[in-house]
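Source file: model36.txt; contents: compact mmCIF, C-alpha atoms and all ligand atoms.
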```
# COMPACT_ATOMS: atom_id res chain seq x y z
CA MET H 1 0.00 0.00 0.00
CA LEU H 2 1.46 3.33 -1.06
CA VAL H 3 0.42 6.44 0.86
CA GLU H 4 1.19 9.45 -1.35
CA LYS H 5 1.82 12.77 0.40
CA ASN H 6 0.74 16.30 -0.63
CA VAL H 7 -1.03 15.22 -3.79
CA PRO H 8 -2.40 18.12 -5.92
CA LEU H 9 -6.18 17.71 -6.24
CA GLN H 10 -6.73 20.26 -9.02
CA PRO H 11 -6.88 17.54 -11.71
CA TYR H 12 -9.24 15.47 -9.54
CA ASN H 13 -12.08 17.95 -9.01
CA SER H 14 -14.27 19.20 -11.83
CA PHE H 15 -14.29 22.81 -10.57
CA GLY H 16 -10.50 22.81 -10.98
CA ILE H 17 -10.00 24.23 -7.47
CA VAL H 18 -6.40 24.18 -6.20
CA ALA H 19 -5.97 22.11 -3.03
CA LYS H 20 -3.85 19.21 -1.81
CA ALA H 21 -4.58 15.87 -0.22
CA LEU H 22 -2.15 15.63 2.69
CA SER H 23 -2.24 11.86 2.18
CA LEU H 24 -3.87 9.80 -0.53
CA VAL H 25 -4.16 6.09 -1.35
CA ARG H 26 -5.31 4.80 -4.73
CA ILE H 27 -7.89 2.03 -4.40
CA GLY H 28 -7.64 -0.16 -7.51
CA SER H 29 -9.34 -3.22 -6.01
CA GLU H 30 -11.19 -4.54 -2.97
CA ALA H 31 -7.83 -5.95 -1.81
CA ASP H 32 -6.25 -2.46 -1.85
CA LEU H 33 -9.01 -1.18 0.39
CA ALA H 34 -8.81 -4.20 2.68
CA ALA H 35 -5.05 -3.53 3.07
CA VAL H 36 -5.68 0.10 4.11
CA LEU H 37 -8.31 -0.96 6.63
CA ALA H 38 -6.10 -3.71 8.04
CA ASP H 39 -3.17 -1.33 8.58
CA PRO H 40 -3.12 -0.34 12.28
CA ALA H 41 -1.63 3.06 11.34
CA GLN H 42 -4.66 3.86 9.16
CA GLN H 43 -7.50 2.27 11.13
CA ALA H 44 -8.45 5.24 13.31
CA VAL H 45 -7.60 7.86 10.70
CA PRO H 46 -10.60 9.82 9.28
CA LYS H 47 -11.11 9.02 5.60
CA PHE H 48 -12.52 10.85 2.62
CA ILE H 49 -13.76 8.99 -0.46
CA LEU H 50 -12.90 10.66 -3.76
CA GLY H 51 -14.70 9.47 -6.89
CA GLY H 52 -14.81 11.53 -10.07
CA GLY H 53 -14.61 14.78 -8.06
CA SER H 54 -17.55 16.20 -10.01
CA ASN H 55 -19.73 16.93 -7.01
CA ILE H 56 -17.35 18.52 -4.49
CA VAL H 57 -16.22 22.00 -3.49
CA LEU H 58 -12.77 22.00 -1.90
CA THR H 59 -12.39 24.84 0.60
CA GLY H 60 -8.84 23.94 1.66
CA ASP H 61 -6.35 21.09 1.80
CA VAL H 62 -7.96 17.76 2.62
CA LYS H 63 -6.69 16.40 5.95
CA PRO H 64 -8.49 13.05 6.16
CA LEU H 65 -6.84 10.19 4.27
CA VAL H 66 -8.16 10.43 0.71
CA LEU H 67 -9.29 7.09 -0.74
CA LYS H 68 -9.17 7.68 -4.48
CA VAL H 69 -11.44 5.07 -6.05
CA GLU H 70 -9.91 3.54 -9.18
CA ILE H 71 -11.69 0.16 -9.32
CA MET H 72 -12.26 -0.59 -13.01
CA GLY H 73 -14.10 -3.13 -15.15
CA LYS H 74 -17.33 -3.32 -17.16
CA ARG H 75 -19.04 -6.62 -17.94
CA LEU H 76 -22.31 -8.39 -18.52
CA VAL H 77 -22.68 -10.51 -15.39
CA ARG H 78 -26.03 -12.15 -15.98
CA GLU H 79 -29.11 -12.25 -18.13
CA THR H 80 -32.62 -12.72 -16.83
CA ALA H 81 -35.75 -13.24 -18.91
CA LYS H 82 -36.37 -9.50 -18.75
CA ALA H 83 -33.03 -7.75 -18.35
CA PHE H 84 -29.31 -7.64 -18.97
CA ILE H 85 -27.41 -7.23 -15.69
CA VAL H 86 -24.31 -5.15 -16.30
CA GLU H 87 -21.67 -4.52 -13.63
CA ALA H 88 -19.13 -1.71 -13.51
CA GLY H 89 -16.26 -0.88 -11.15
CA ALA H 90 -16.79 2.23 -9.02
CA GLY H 91 -13.82 4.00 -10.65
CA GLU H 92 -15.22 3.78 -14.17
CA ASN H 93 -16.24 7.05 -15.82
CA TRP H 94 -20.04 7.32 -15.91
CA HIS H 95 -20.41 8.59 -19.48
CA GLU H 96 -18.00 5.96 -20.81
CA LEU H 97 -20.10 3.27 -19.14
CA VAL H 98 -23.27 4.62 -20.80
CA ALA H 99 -21.52 4.66 -24.21
CA TRP H 100 -20.19 1.11 -23.61
CA THR H 101 -23.65 -0.28 -22.73
CA LEU H 102 -25.06 1.12 -25.97
CA ALA H 103 -22.16 -0.17 -28.07
CA ASN H 104 -22.66 -3.64 -26.58
CA GLY H 105 -26.40 -3.84 -27.14
CA PHE H 106 -27.62 -3.09 -23.60
CA PRO H 107 -29.58 0.15 -23.98
CA GLY H 108 -31.57 1.92 -21.28
CA MET H 109 -29.16 4.47 -19.85
CA GLU H 110 -29.00 6.79 -22.91
CA ASN H 111 -30.94 9.57 -21.12
CA LEU H 112 -28.16 9.65 -18.54
CA ALA H 113 -25.41 10.36 -21.11
CA MET H 114 -22.74 12.95 -20.34
CA ILE H 115 -23.36 13.21 -16.61
CA PRO H 116 -19.91 13.94 -15.22
CA GLY H 117 -18.49 11.74 -12.49
CA SER H 118 -17.79 8.13 -11.67
CA VAL H 119 -19.91 4.99 -11.46
CA GLY H 120 -19.31 4.72 -7.71
CA ALA H 121 -20.75 8.17 -7.08
CA SER H 122 -23.86 7.57 -9.19
CA PRO H 123 -25.97 5.82 -6.52
CA VAL H 124 -24.89 8.23 -3.77
CA GLN H 125 -26.95 11.06 -5.19
CA ASN H 126 -29.18 8.91 -7.41
CA ILE H 127 -28.14 10.84 -10.52
CA GLY H 128 -30.90 11.69 -12.93
CA ALA H 129 -31.63 13.53 -16.14
CA TYR H 130 -34.28 13.80 -18.87
CA GLY H 131 -36.87 11.61 -17.18
CA VAL H 132 -34.61 8.77 -15.98
CA GLU H 133 -33.01 8.36 -12.57
CA LEU H 134 -30.32 5.89 -11.63
CA GLN H 135 -32.82 4.04 -9.41
CA ASP H 136 -34.85 3.16 -12.54
CA ARG H 137 -31.93 1.08 -13.89
CA PHE H 138 -30.28 -0.01 -10.64
CA GLU H 139 -29.97 -3.65 -9.62
CA SER H 140 -27.56 -3.78 -6.67
CA LEU H 141 -24.17 -2.60 -5.44
CA ASP H 142 -21.22 -3.92 -3.47
CA ALA H 143 -19.58 -1.85 -0.79
CA MET H 144 -17.05 -2.23 1.98
CA ASP H 145 -17.55 -1.07 5.55
CA LEU H 146 -14.71 1.33 6.36
CA GLN H 147 -14.59 0.30 10.00
CA THR H 148 -14.83 -3.46 9.80
CA GLY H 149 -13.57 -4.16 6.27
CA GLN H 150 -16.69 -6.32 5.68
CA THR H 151 -18.09 -6.35 2.16
CA PHE H 152 -21.84 -6.22 1.68
CA THR H 153 -24.42 -5.93 -1.09
CA LEU H 154 -27.40 -3.59 -1.16
CA ASP H 155 -30.48 -3.74 -3.36
CA ALA H 156 -32.49 -0.69 -4.43
CA ALA H 157 -34.78 -0.68 -1.39
CA GLN H 158 -31.79 -0.82 0.96
CA CYS H 159 -30.21 2.14 -0.84
CA ALA H 160 -33.32 4.23 0.06
CA PHE H 161 -33.16 6.27 -3.11
CA GLY H 162 -34.88 9.65 -3.30
CA TYR H 163 -34.48 12.73 -5.47
CA ARG H 164 -30.68 13.24 -5.50
CA ASP H 165 -30.62 11.22 -2.30
CA SER H 166 -29.72 7.79 -0.87
CA VAL H 167 -28.64 6.05 2.33
CA PHE H 168 -25.07 7.13 1.49
CA LYS H 169 -25.91 10.80 2.08
CA HIS H 170 -27.15 10.32 5.63
CA ALA H 171 -25.46 9.55 8.91
CA SER H 172 -27.05 7.18 11.40
CA SER H 173 -28.65 8.92 14.30
CA ALA H 174 -30.15 7.60 17.47
CA VAL H 175 -32.73 10.16 18.49
CA ALA H 176 -33.76 9.95 22.15
CA GLY H 177 -37.50 9.41 22.22
CA GLY H 178 -37.65 9.67 18.42
CA THR H 179 -37.04 7.39 15.50
CA ALA H 180 -33.47 6.27 14.94
CA THR H 181 -32.36 6.68 11.35
CA PHE H 182 -29.88 4.49 9.51
CA GLY H 183 -27.27 6.02 7.22
CA LEU H 184 -23.99 5.07 5.60
CA ALA H 185 -22.44 8.51 4.99
CA GLY H 186 -18.70 8.24 5.55
CA ARG H 187 -19.06 4.61 6.64
CA ALA H 188 -18.85 2.65 3.42
CA LEU H 189 -17.05 2.73 0.09
CA ILE H 190 -18.99 1.59 -2.97
CA THR H 191 -16.81 -0.79 -4.99
CA ARG H 192 -19.10 -2.07 -7.80
CA VAL H 193 -22.53 -1.21 -9.15
CA ARG H 194 -24.91 -3.43 -11.15
CA PHE H 195 -27.57 -2.19 -13.52
CA ALA H 196 -30.67 -3.99 -14.84
CA LEU H 197 -31.23 -2.93 -18.45
CA PRO H 198 -34.63 -4.10 -19.73
CA LYS H 199 -34.56 -6.28 -22.85
CA ALA H 200 -37.85 -4.70 -23.92
CA TRP H 201 -36.32 -1.29 -24.58
CA LYS H 202 -38.66 1.68 -24.67
CA PRO H 203 -37.60 5.27 -25.37
CA VAL H 204 -38.13 7.70 -22.49
CA LEU H 205 -39.31 10.92 -24.11
CA GLY H 206 -41.74 13.48 -22.73
CA TYR H 207 -39.14 15.71 -21.09
CA ALA H 208 -39.52 19.38 -22.11
CA ASP H 209 -36.12 19.71 -23.84
CA LEU H 210 -36.67 16.50 -25.84
CA ASP H 211 -40.22 17.53 -26.83
CA ARG H 212 -38.85 20.89 -27.98
CA LYS H 213 -36.32 19.14 -30.17
CA ILE H 214 -39.00 16.85 -31.61
CA ALA H 215 -41.09 19.94 -32.47
CA GLN H 216 -38.08 21.75 -34.00
CA THR H 217 -36.83 18.87 -36.14
CA GLY H 218 -40.16 17.20 -36.88
CA GLU H 219 -38.40 13.92 -36.05
CA VAL H 220 -39.10 11.45 -33.25
CA PRO H 221 -36.01 9.52 -32.08
CA THR H 222 -36.60 5.78 -32.37
CA THR H 223 -33.26 4.22 -31.43
CA PRO H 224 -31.23 4.37 -28.20
CA GLN H 225 -28.30 5.81 -30.15
CA GLN H 226 -30.46 8.64 -31.51
CA ILE H 227 -31.64 9.54 -28.00
CA PHE H 228 -28.04 9.35 -26.75
CA ASP H 229 -26.96 11.77 -29.52
CA TRP H 230 -29.83 14.15 -28.78
CA ILE H 231 -29.14 14.16 -25.04
CA CYS H 232 -25.46 14.89 -25.72
CA GLU H 233 -26.46 17.78 -28.01
CA ILE H 234 -28.96 19.22 -25.51
CA ARG H 235 -26.48 19.01 -22.65
CA ARG H 236 -23.68 20.59 -24.70
CA ALA H 237 -25.93 23.55 -25.50
CA LYS H 238 -26.94 24.12 -21.88
CA LEU H 239 -24.27 22.79 -19.58
CA PRO H 240 -20.59 23.68 -19.53
CA ASP H 241 -18.09 20.89 -20.29
CA PRO H 242 -15.99 20.54 -17.10
CA ALA H 243 -12.92 19.85 -19.27
CA VAL H 244 -13.27 23.41 -20.62
CA ILE H 245 -15.11 25.36 -17.89
CA GLY H 246 -14.83 24.01 -14.34
CA ASN H 247 -18.17 23.28 -12.65
CA ALA H 248 -20.00 20.72 -10.52
CA GLY H 249 -23.22 20.37 -12.53
CA SER H 250 -26.40 21.64 -10.90
CA PHE H 251 -25.25 23.44 -7.79
CA PHE H 252 -28.65 23.43 -6.07
CA LYS H 253 -31.45 20.89 -5.85
CA ASN H 254 -34.84 21.76 -7.27
CA PRO H 255 -36.87 22.51 -4.11
CA THR H 256 -40.23 20.93 -3.40
CA VAL H 257 -43.09 22.83 -1.81
CA SER H 258 -46.68 22.01 -0.88
CA ARG H 259 -49.60 22.80 -3.22
CA GLU H 260 -50.63 25.64 -0.83
CA GLN H 261 -47.14 27.17 -0.77
CA CYS H 262 -46.98 26.94 -4.56
CA ASP H 263 -50.39 28.60 -5.01
CA ASP H 264 -49.27 31.37 -2.70
CA ILE H 265 -46.07 31.95 -4.72
CA ILE H 266 -47.96 31.78 -8.06
CA GLN H 267 -50.18 34.66 -6.93
CA ARG H 268 -47.08 36.81 -6.61
CA GLU H 269 -45.00 35.18 -9.37
CA PRO H 270 -47.38 33.85 -12.05
CA LYS H 271 -44.54 32.74 -14.35
CA ILE H 272 -42.79 30.45 -11.87
CA VAL H 273 -41.76 27.11 -13.47
CA HIS H 274 -43.24 24.24 -11.44
CA TYR H 275 -43.99 20.54 -11.86
CA PRO H 276 -46.56 18.53 -9.89
CA MET H 277 -45.06 15.38 -8.33
CA ALA H 278 -46.75 12.00 -7.85
CA ASP H 279 -47.00 12.53 -4.06
CA GLY H 280 -48.96 15.78 -4.44
CA SER H 281 -46.00 18.09 -3.74
CA ILE H 282 -44.73 20.57 -6.32
CA LYS H 283 -41.17 20.78 -7.59
CA LEU H 284 -39.91 24.25 -8.49
CA ALA H 285 -37.15 24.92 -11.04
CA ALA H 286 -34.29 26.33 -8.96
CA GLY H 287 -32.66 27.66 -12.16
CA TRP H 288 -35.74 29.78 -12.78
CA LEU H 289 -35.74 31.14 -9.19
CA ILE H 290 -32.06 32.06 -9.45
CA GLU H 291 -32.47 33.66 -12.87
CA ALA H 292 -35.52 35.60 -11.62
CA CYS H 293 -33.32 37.07 -8.87
CA GLY H 294 -30.99 38.41 -11.57
CA TRP H 295 -28.01 36.10 -10.94
CA LYS H 296 -27.37 34.79 -14.47
CA GLY H 297 -23.81 35.75 -15.46
CA LYS H 298 -23.05 37.40 -12.08
CA SER H 299 -19.86 36.55 -10.20
CA VAL H 300 -17.94 36.68 -6.94
CA GLY H 301 -14.21 36.65 -7.68
CA ASN H 302 -13.74 33.79 -10.14
CA ALA H 303 -16.99 32.02 -9.22
CA ALA H 304 -19.81 32.83 -11.63
CA VAL H 305 -23.36 31.82 -12.46
CA TYR H 306 -23.32 30.15 -15.90
CA GLU H 307 -24.87 32.29 -18.66
CA CYS H 308 -26.86 29.41 -20.22
CA GLN H 309 -28.14 27.71 -17.04
CA ALA H 310 -28.44 29.57 -13.73
CA LEU H 311 -28.36 26.35 -11.72
CA VAL H 312 -24.70 25.84 -12.57
CA LEU H 313 -21.84 27.71 -10.89
CA ILE H 314 -18.59 27.85 -12.85
CA ASN H 315 -14.88 28.51 -12.45
CA LYS H 316 -14.39 31.49 -14.75
CA GLY H 317 -10.66 31.78 -14.00
CA GLY H 318 -9.74 28.53 -15.77
CA SER H 319 -6.72 26.51 -14.65
CA GLN H 320 -4.38 29.53 -14.66
CA ASN H 321 -6.34 31.67 -12.21
CA PRO H 322 -8.72 29.16 -10.64
CA VAL H 323 -11.69 29.87 -8.46
CA THR H 324 -11.38 29.12 -4.74
CA GLY H 325 -13.83 27.07 -2.73
CA GLY H 326 -14.41 30.19 -0.60
CA GLU H 327 -15.50 32.18 -3.67
CA VAL H 328 -17.88 29.41 -4.77
CA MET H 329 -19.48 29.22 -1.33
CA THR H 330 -19.73 33.03 -0.96
CA LEU H 331 -21.57 33.18 -4.30
CA ALA H 332 -23.75 30.20 -3.31
CA LYS H 333 -24.71 31.85 -0.01
CA ALA H 334 -25.52 35.17 -1.71
CA ILE H 335 -27.81 33.31 -4.15
CA GLN H 336 -29.49 31.42 -1.30
CA THR H 337 -30.10 34.67 0.57
CA SER H 338 -31.66 36.50 -2.35
CA VAL H 339 -33.86 33.53 -3.37
CA TYR H 340 -34.98 33.22 0.27
CA GLU H 341 -35.74 36.93 0.57
CA ARG H 342 -37.83 36.99 -2.60
CA PHE H 343 -39.56 33.59 -2.56
CA GLY H 344 -39.23 32.36 1.05
CA ILE H 345 -37.47 29.22 -0.23
CA LEU H 346 -34.14 27.99 1.05
CA LEU H 347 -32.16 26.34 -1.74
CA GLU H 348 -30.14 23.30 -0.72
CA HIS H 349 -26.77 22.86 -2.40
CA GLU H 350 -25.97 19.53 -4.10
CA PRO H 351 -22.15 19.24 -3.97
CA VAL H 352 -20.34 18.09 -0.87
CA VAL H 353 -18.32 20.93 0.69
CA VAL H 354 -14.96 19.63 1.89
N1 LIG H 401 -34.71 27.51 -16.07
C1 LIG H 401 -34.67 28.88 -16.13
N2 LIG H 401 -33.47 29.49 -16.05
C2 LIG H 401 -32.31 28.80 -15.93
C3 LIG H 401 -32.36 27.41 -15.88
C4 LIG H 401 -33.57 26.77 -15.94
O1 LIG H 401 -35.68 29.54 -16.25
O2 LIG H 401 -31.27 29.45 -15.90
C5 LIG H 401 -36.00 26.83 -16.23
C6 LIG H 401 -36.09 26.23 -17.63
O3 LIG H 401 -36.69 27.10 -18.49
C7 LIG H 401 -36.91 25.01 -17.44
C8 LIG H 401 -36.70 24.64 -16.00
O4 LIG H 401 -36.05 25.73 -15.36
O5 LIG H 401 -38.26 25.29 -17.63
C9 LIG H 401 -35.93 23.35 -15.84
O6 LIG H 401 -34.65 23.46 -16.44
P1 LIG H 401 -33.87 22.19 -17.03
O7 LIG H 401 -34.76 21.38 -17.88
O8 LIG H 401 -32.58 22.66 -17.60
O9 LIG H 401 -33.61 21.28 -15.78
P2 LIG H 401 -33.13 21.65 -14.32
O10 LIG H 401 -34.27 21.44 -13.40
O11 LIG H 401 -32.46 22.96 -14.30
C10 LIG H 401 -32.43 19.17 -13.79
C11 LIG H 401 -31.28 18.47 -13.15
C12 LIG H 401 -30.12 18.35 -14.12
C13 LIG H 401 -30.59 17.57 -15.33
C14 LIG H 401 -31.77 18.30 -15.96
C15 LIG H 401 -32.37 17.54 -17.11
C16 LIG H 401 -31.44 18.99 -10.78
C17 LIG H 401 -30.87 19.76 -9.65
N3 LIG H 401 -30.87 19.20 -11.97
O12 LIG H 401 -32.02 20.50 -14.08
O13 LIG H 401 -29.09 17.61 -13.48
O14 LIG H 401 -29.55 17.44 -16.29
O15 LIG H 401 -32.82 18.47 -14.96
O16 LIG H 401 -33.06 16.44 -16.63
O17 LIG H 401 -32.35 18.20 -10.59
C18 LIG H 401 -27.09 17.81 -12.23
O18 LIG H 401 -27.69 17.32 -11.27
O19 LIG H 401 -25.87 18.12 -12.14
C19 LIG H 401 -27.80 18.09 -13.46
C20 LIG H 401 -27.24 18.76 -14.45
```
Mind converting the file's structure to structure tokens?
Ligand code: EPU
Amino acid sequence: MLVEKNVPLQPYNSFGIVAKALSLVRIGSEADLAAVLADPAQQAVPKFILGGGSNIVLTGDVKPLVLKVEIMGKRLVRETAKAFIVEAGAGENWHELVAWTLANGFPGMENLAMIPGSVGASPVQNIGAYGVELQDRFESLDAMDLQTGQTFTLDAAQCAFGYRDSVFKHASSAVAGGTATFGLAGRALITRVRFALPKAWKPVLGYADLDRKIAQTGEVPTTPQQIFDWICEIRRAKLPDPAVIGNAGSFFKNPTVSREQCDDIIQREPKIVHYPMADGSIKLAAGWLIEACGWKGKSVGNAAVYECQALVLINKGGSQNPVTGGEVMTLAKAIQTSVYERFGILLEHEPVVV
């Protein structure tokens, strides 16, 4: 086991923020992780799991031992009557996995093309786009307990998926007199993820951006590859490529409010973009709220609100004069304050602040 010291993290976070890992171990296999956990010098040390680095804001050097997940491999593990079960190592790049599944005749993840990040991070926040969420294609995952070194497997129900949420985002808590909650945040490292890709493939259309494209072109996509190409085109037009402009995707979650709260806001803001959810609540478009508060294109230092999509904060200084985590969080807080003052809604940020 090699513990690297003072490792620059700029190449490993999609904002391109400059920071160091004081110590870092590359995890290429379950055995690598088992070796770290069996080492008495590392057992009690706090640990930080680094995947694709596409959902983090680094506000300084990282003091916990960084476990950089580099477990690779993509394969068809099984076939059932209804689905292909595909497995990928947690260190695989998400978009490359989506492209690989299509190339190998296992469609179903095309709507999730071009989401930055790694396979191992995908269940943590239940990534989703254009009408498909990870939980719709998830079969199971393997993980290792960071305290005991035990490996275990979770199915979808055990992952407790929600909108950009899972058991991996919550810590366990024993509430006196209340209900104890179970969580795995900081306690487990996801090593492999399996996906169930239905043999009876059906296109998932019906999302506003796709409908708009159908209306514009007069064409309806009929193959997985066509949808994949369309999604890539739509994302390129709206979202900055992290290889060119540093960012962490949507910086805030779309908030949900009750029907009553929504009606109240609509009276004051008739144009507010909102979507009714199956459980009766209403989801509001955070990008619309932020744009309505005049933030599009505004900046704090080298942190800016992206011109084409107000939900995305970017590093406008590039790699030469990069944004700092402090600038990103100052801008994020200013946005939260103004959205709260105007709409009475507190936006929750998506990335993990380290
Ligand atoms: N809108 C604005 N101004 C903006 C941005 C959006 O008015 O600056 C309005 C749009 O007009 C549209 C609505 O907000 O009516 C929704 O916008 P969009 O379809 O772009 O989706 P989103 O809600 O902003 C979510 C996900 C994205 C995902 C897209 C497509 C969240 C937090 N974000 O964005 O996910 O790609 O839907 O499905 O749920 C990510 O999580 O990193 C991410 C990019």
task = Throw together the list of residues within 6 Å of ligand LIG 401 (chain H), counting all atoms listed in the file, and drop it here as a PyMOL selection string.
result = chain H and resi 129-130+249-250+252-254+273+285+287-288+291+309-311
For the residues in the current selection, export C-alpha atoms as a PDB file, in the frame of the given file.
```pdb
ATOM      1  CA  ALA H 129     -31.630  13.530 -16.140  1.00  0.00           C
ATOM      2  CA  TYR H 130     -34.280  13.800 -18.870  1.00  0.00           C
ATOM      3  CA  GLY H 249     -23.220  20.370 -12.530  1.00  0.00           C
ATOM      4  CA  SER H 250     -26.400  21.640 -10.900  1.00  0.00           C
ATOM      5  CA  PHE H 252     -28.650  23.430  -6.070  1.00  0.00           C
ATOM      6  CA  LYS H 253     -31.450  20.890  -5.850  1.00  0.00           C
ATOM      7  CA  ASN H 254     -34.840  21.760  -7.270  1.00  0.00           C
ATOM      8  CA  VAL H 273     -41.760  27.110 -13.470  1.00  0.00           C
ATOM      9  CA  ALA H 285     -37.150  24.920 -11.040  1.00  0.00           C
ATOM     10  CA  GLY H 287     -32.660  27.660 -12.160  1.00  0.00           C
ATOM     11  CA  TRP H 288     -35.740  29.780 -12.780  1.00  0.00           C
ATOM     12  CA  GLU H 291     -32.470  33.660 -12.870  1.00  0.00           C
ATOM     13  CA  GLN H 309     -28.140  27.710 -17.040  1.00  0.00           C
ATOM     14  CA  ALA H 310     -28.440  29.570 -13.730  1.00  0.00           C
ATOM     15  CA  LEU H 311     -28.360  26.350 -11.720  1.00  0.00           C
TER      16      LEU H 311
END
```
ask   = Quick one: distance from CA of Lys74 (chain H) to CA of Ala103 (chain H) in Å, one decimal?
value =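 Separation between CA of Lys74 (chain H) and CA of Ala103 (chain H): 12.3 Å.
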query = From the set H:Thr101, H:Asn126, H:Gln336, H:Ser281, which residue has the shortest atom-to-atom contact distance to Asp165 (chain H), counting only C-alpha atoms?
reply =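 Ranking H:Thr101, H:Asn126, H:Gln336, H:Ser281 by distance to Asp165 (chain H), first place goes to H:Asn126.
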message = With only C-alpha atoms as the counted atoms, please give the residues lying no more than 10 Å from Gln225 (chain H), apart from itself and same-chain residues fewer than 2 positions off, as a PyMOL selection string.
response = chain H and resi 99+102-103+107+110+221-223+227-231
message = When you count all atoms listed in the file, which of these residues is closest to Ala35 (chain H): H:Gln135, H:Asn321, H:Gln10, H:Thr148?
response =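 Residue with the minimum atom-to-atom distance to Ala35 (chain H): H:Thr148.
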request  = In Å, rounded to a single decimal, give me how far CA of Val77 (chain H) is from CA of Met114 (chain H).
outcome  = 24.0 Å
query = Could you pull the residues within 12 Å of Leu210 (chain H), counting all atoms listed in the file, minus those fewer than 2 positions along the same chain, as a count of residues only?
reply = 30
